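So the structure is just underneath, and the comments pick up after that.
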Amino acid sequence: MEEKVLEAISRFALFEGVKSVTVALSGGADSMALLYALNSLKADLCIELSAAHFNHKIRGAEADRDAAFVKEQCEKIGIPLFIGEGDVPQFARENHLSLELAARELRYEFLSSVSKGVIATAHTASDNLETMLFNLARGTSAKGLGGIPAKRDNIVRPLLFCLREDVERYCKENNISFVTDSTNLSDAYSRNKLRLKAVPVLKEINSAVENNALKTAMSLNEDNDFIDSFAKIEFENRYIGKKLDIKCFPSLHPAVQKRVIKFFLQENGVKEFDNFHIASVCNIAISGGKTQISGDLTFVSHRGFLKKQEQSLAVYQVEILKENYLFSEKDKKVNSLLLNNAVDCDKIVGKLSLRTRASGDSIKLAGRNCTKTLKKLYTEKAVPLIERDTLPVIADDEGVVWVCGIGVCERCAVDKSTSNIFRFNVSKK
């Protein structure tokens with residue numbers, strides 16, 4: 001296996017001009033094999049070796065076990081180890097990201113913070129085949145079919161010429177311990193289904209399928225890099241003051257058009273997009289109009305330019321007035337505006353606070369027999385995504401009592417026993 005590692009390092013110049021290499025160490029067979037191989041070769045490669053482990057806070061006690069294991073193994077062979085952690089589920093919710101992308105962002109942010117040179121990940125030719133199949137199943141471009149690149153920025157993959165069998169054999173021959181992620185054994189995940197079911201069938205057709213897929217990926221990457229470099233020049237020549245000049249856009253080859261739009265979306269901070277989104281923006285670049293990429297990202301084509309439509313956040317001013325009140329049955333019918341914007345003073349628990357929604361906020365609205373989260377209510381009422389984090393909310397010590405434009409909670413609602421109310425006047429600045 002070490003010969004294949006050296007071949008990849010040489011062919012792709014993975015360590016060129018680099019003295020420090022940090023192994024992304026999960027504790028699994030692949031990353032442990034990579035650590036031991038590079039430790040064996042570090043004198044010949046003239047590199048300083050370290051390792052880094054990130055706990056995603058997803059797998060509970062099993063993840064803590066992995067962290068303890070890699071610490072023990074690194075101490076055993078004298079490799080400096082950096083350990084980090086982050087709450088991936090929370091980060092995903094707060095940033096409206098998929099769990100996979102959130103994990104990737106936090107992991108690579110940590111790895112980059114501790115690395116002084118390149119970060120070596122343990123992706124193999126077997127992983128590359130699974131990635132190509134996964135992307136193909138979802139629908140992808142030439143880049144997606146290009147699989148896993150050997151080098152991207154400061155990320156390198158020295159095991160890319162190795163098969164999973166090579167790794168397992170190397171671990172066995174060198175008595176290398178490793179841990180197993182229990183989720184890898186379940187076929188409930190799409191990638192695992194490919195590994196456990198699709199790949200064995202392909203190997204029956206051709207036992208060299210992993211190596212052949214790698215050759216195909218490398219060829220596609222060469223073609224893709226060439227078209228990308230051409231499209232990058234086109235993008236840079238057309239992108240002026242946050243606007244893309246599209247007056248001659250239809251004359252570009254479709255392959256170049258899509259890549260120009262890809263660079264445009266990346267430049268405008270779009271983190272997750274697919275071919276559908278690219279095609280949608282391409283369409284308005286040619287035909288005009290506007291399109292929405294996600295809940296709060298809209299792009300508009302106007303007068304020969306493509307740009308992101310700036311969303312202006314509403315700023316609310318809330319006035320809280322205490323008033324005497326005499327309940328009338330007529331109020332239920334003719335003064336619903338007042339009843340939806342007033343609460344009974346005597347039913348308030350503790351102090352009132354004016355804020356915006358918080359995670360987990362819920363309310364049982366007056367006249368309704370169920371409690372719902374504000375997230376669900378905002379969706380029901382079609383509150384624009386961009387306004388949901390600015391809409392005024394008033395709460396007491398027991399929870400939400402009023403939401404602007406939505407209503408008041410049942411426990412604080414005005415009724416025939418009410419003598420004093422807090423009335424809320426709302427205006428936009």
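As shown in the structure tokens, the chain order sets the letters A, B, ...; within each chain, residues go from 1, and ligands are also counted from 1 in the order they appear.
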### Task
Pick out the residues sitting within 8 Å of stretch 78-95 of chain A, and hand them over as number ranges by chain; count only C-alpha atoms, and ignore anything fewer than 3 positions along from it in its own chain.
A: 49-58, 67, 71, 74-75, 98-99, 101-103, 106, 110, 114
### Task
Can you list, as a ChimeraX atom specification, all residues belonging to stretch 121-154 of chain A that DSSP tags as helix (DSSP H, G or I)?
/A:125-138,142-145
### Query
What does the distance from atom CA of A:Cys404 to atom CA of A:Asn341 come to in Å, to one decimal?
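Distance between the two atoms: 7.8 Å.
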### Task
Can you work out the spacing between atom CA of A:Thr390 and atom CA of A:Val315 in Å, to one decimal?
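Pair atom CA of A:Thr390 / atom CA of A:Val315 returns 7.2 Å.
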### Query
Can you list, as a ChimeraX atom specification, every residue of stretch 190-367 of chain A that DSSP puts in strand (DSSP E)?
/A:239-240,243-245,289-294,297-302,305-308,316-324,342-344,353-355,362-364
Go ahead and write the residues just picked, N, CA and C atoms, as a CSV table (one decimal), in the first residue's frame.
chain,number,residue,atom,x,y,z
A,239,TYR,N,-18.2,40.1,-14.6
A,239,TYR,CA,-18.7,40.4,-13.2
A,239,TYR,C,-18.2,41.8,-12.8
A,240,ILE,N,-19.1,42.7,-12.7
A,240,ILE,CA,-18.7,44.1,-12.4
A,240,ILE,C,-19.6,44.7,-11.4
A,243,LYS,N,-22.7,42.7,-10.2
A,243,LYS,CA,-23.6,42.4,-11.3
A,243,LYS,C,-22.9,41.7,-12.4
A,244,LEU,N,-23.6,40.7,-13.1
A,244,LEU,CA,-23.0,40.0,-14.2
A,244,LEU,C,-23.6,40.5,-15.5
A,245,ASP,N,-22.7,41.0,-16.3
A,245,ASP,CA,-23.0,41.5,-17.6
A,245,ASP,C,-23.5,40.3,-18.5
A,289,GLY,N,-36.3,38.1,-16.4
A,289,GLY,CA,-37.2,37.7,-15.3
A,289,GLY,C,-36.4,37.5,-14.0
A,290,LYS,N,-37.0,36.8,-13.1
A,290,LYS,CA,-36.3,36.5,-11.8
A,290,LYS,C,-36.6,35.1,-11.3
A,291,THR,N,-35.8,34.6,-10.5
A,291,THR,CA,-35.9,33.2,-10.0
A,291,THR,C,-35.5,33.1,-8.5
A,292,GLN,N,-36.1,32.3,-7.8
A,292,GLN,CA,-35.7,32.1,-6.3
A,292,GLN,C,-35.0,30.8,-6.2
A,293,ILE,N,-33.8,30.9,-5.6
A,293,ILE,CA,-32.9,29.8,-5.4
A,293,ILE,C,-33.3,29.1,-4.1
A,294,SER,N,-33.5,29.8,-3.0
A,294,SER,CA,-34.0,29.3,-1.8
A,294,SER,C,-35.0,30.3,-1.2
A,297,LEU,N,-33.3,33.9,-1.2
A,297,LEU,CA,-32.3,34.3,-2.2
A,297,LEU,C,-33.0,34.3,-3.6
A,298,THR,N,-33.1,35.5,-4.1
A,298,THR,CA,-33.7,35.7,-5.4
A,298,THR,C,-32.8,36.5,-6.3
A,299,PHE,N,-32.7,36.0,-7.6
A,299,PHE,CA,-31.9,36.6,-8.6
A,299,PHE,C,-32.7,37.2,-9.7
A,300,VAL,N,-32.3,38.3,-10.2
A,300,VAL,CA,-33.1,39.0,-11.2
A,300,VAL,C,-32.3,39.4,-12.4
A,301,SER,N,-32.9,39.3,-13.6
A,301,SER,CA,-32.2,39.7,-14.8
A,301,SER,C,-32.9,40.9,-15.3
A,302,HIS,N,-32.2,42.0,-15.5
A,302,HIS,CA,-32.8,43.3,-15.8
A,302,HIS,C,-31.8,44.2,-16.6
A,305,PHE,N,-28.2,42.9,-17.2
A,305,PHE,CA,-27.4,42.5,-16.0
A,305,PHE,C,-28.1,41.5,-15.2
A,306,LEU,N,-27.4,40.6,-14.5
A,306,LEU,CA,-27.9,39.6,-13.6
A,306,LEU,C,-27.4,39.9,-12.2
A,307,LYS,N,-28.3,40.0,-11.2
A,307,LYS,CA,-27.8,40.4,-9.9
A,307,LYS,C,-28.7,39.7,-8.9
A,308,LYS,N,-28.2,39.7,-7.6
A,308,LYS,CA,-29.0,39.2,-6.5
A,308,LYS,C,-29.9,40.3,-6.1
A,316,TYR,N,-39.4,46.8,13.0
A,316,TYR,CA,-40.6,47.1,13.6
A,316,TYR,C,-40.5,47.9,14.9
A,317,GLN,N,-41.5,48.8,15.2
A,317,GLN,CA,-41.5,49.5,16.4
A,317,GLN,C,-42.8,49.1,17.1
A,318,VAL,N,-42.7,48.6,18.4
A,318,VAL,CA,-43.9,48.2,19.1
A,318,VAL,C,-44.1,49.1,20.3
A,319,GLU,N,-45.3,49.6,20.4
A,319,GLU,CA,-45.7,50.4,21.6
A,319,GLU,C,-46.6,49.6,22.5
A,320,ILE,N,-46.3,49.5,23.7
A,320,ILE,CA,-47.2,48.7,24.7
A,320,ILE,C,-47.9,49.7,25.6
A,321,LEU,N,-49.2,49.7,25.5
A,321,LEU,CA,-50.1,50.7,26.2
A,321,LEU,C,-51.0,49.9,27.2
A,322,LYS,N,-51.0,50.4,28.4
A,322,LYS,CA,-51.9,49.8,29.4
A,322,LYS,C,-53.2,50.6,29.5
A,323,GLU,N,-54.3,50.0,29.4
A,323,GLU,CA,-55.6,50.7,29.3
A,323,GLU,C,-56.7,50.0,30.1
A,324,ASN,N,-57.7,50.7,30.6
A,324,ASN,CA,-58.9,50.1,31.1
A,324,ASN,C,-59.7,49.5,30.0
A,342,ALA,N,-54.0,42.5,22.0
A,342,ALA,CA,-54.1,42.9,23.4
A,342,ALA,C,-54.2,41.6,24.3
A,343,VAL,N,-53.7,41.8,25.5
A,343,VAL,CA,-53.7,40.7,26.5
A,343,VAL,C,-54.2,41.2,27.8
A,344,ASP,N,-54.8,40.3,28.6
A,344,ASP,CA,-55.3,40.7,29.9
A,344,ASP,C,-54.1,40.9,30.9
A,353,SER,N,-41.5,40.7,27.9
A,353,SER,CA,-40.3,41.0,27.2
A,353,SER,C,-40.6,41.1,25.7
A,354,LEU,N,-40.0,42.0,25.1
A,354,LEU,CA,-40.2,42.2,23.6
A,354,LEU,C,-38.9,41.6,22.9
A,355,ARG,N,-39.1,40.7,22.0
A,355,ARG,CA,-38.0,40.0,21.3
A,355,ARG,C,-38.5,39.5,20.0
A,362,SER,N,-43.4,28.3,21.1
A,362,SER,CA,-44.7,27.8,20.7
A,362,SER,C,-45.8,28.6,21.3
A,363,ILE,N,-47.0,28.5,20.8
A,363,ILE,CA,-48.1,29.2,21.4
A,363,ILE,C,-49.4,28.5,21.1
A,364,LYS,N,-50.3,28.5,22.1
A,364,LYS,CA,-51.7,28.0,21.9
A,364,LYS,C,-52.5,29.3,21.6
### Message
List as a list of chain:residue names the protein and nucleic acid residues near A:Phe226, meaning an atom at most 12 Å away when only C-alpha atoms are counted, but skip any in the same chain fewer than 3 places from it.
### Response
A:Ala142, A:Lys143, A:Ser219, A:Leu220, A:Asn221, A:Glu222, A:Asp223, A:Ser229, A:Phe230, A:Ala231, A:Lys232, A:Ile233, A:Ala255, A:Val256, A:Arg259
#### Entry: Using only C-alpha atoms: which of A:Ala33, A:Val5, A:Val403, A:Ala43 has the shortest distance to A:Asn174
A:Ala33
### Message
I'd like the neighbourhood of A:Ser419 as a list of chain:residue names, where a residue qualifies if any of its atoms comes within 10 Å (using only C-alpha atoms), though same-chain residues fewer than 4 positions away should be ignored.
### Response
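With the cut-off at 10 Å, the set is A:Glu323, A:Asn324, A:Tyr325, A:Leu326, A:Phe327, A:Asp344, A:Cys345, A:Asp346, A:Val414, A:Asp415.
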Dump of C-alpha atoms for the selected residues, as a compact mmCIF listing (two decimals), in the first residue's frame:
# COMPACT_ATOMS: atom_id res chain seq x y z
CA GLU A 323 -55.60 50.68 29.30
CA ASN A 324 -58.86 50.13 31.15
CA TYR A 325 -61.19 47.82 29.28
CA LEU A 326 -64.86 46.95 29.33
CA PHE A 327 -65.58 43.69 27.53
CA ASP A 344 -55.27 40.67 29.91
CA CYS A 345 -52.88 42.40 32.32
CA ASP A 346 -53.91 40.21 35.25
CA VAL A 414 -59.15 39.17 26.78
CA ASP A 415 -62.55 37.93 28.04
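Using only C-alpha atoms, the shortest contact distance between A:Asp153 and any of A:Met1, A:Leu14, A:Leu38, A:Leu6 is found at A:Leu14.
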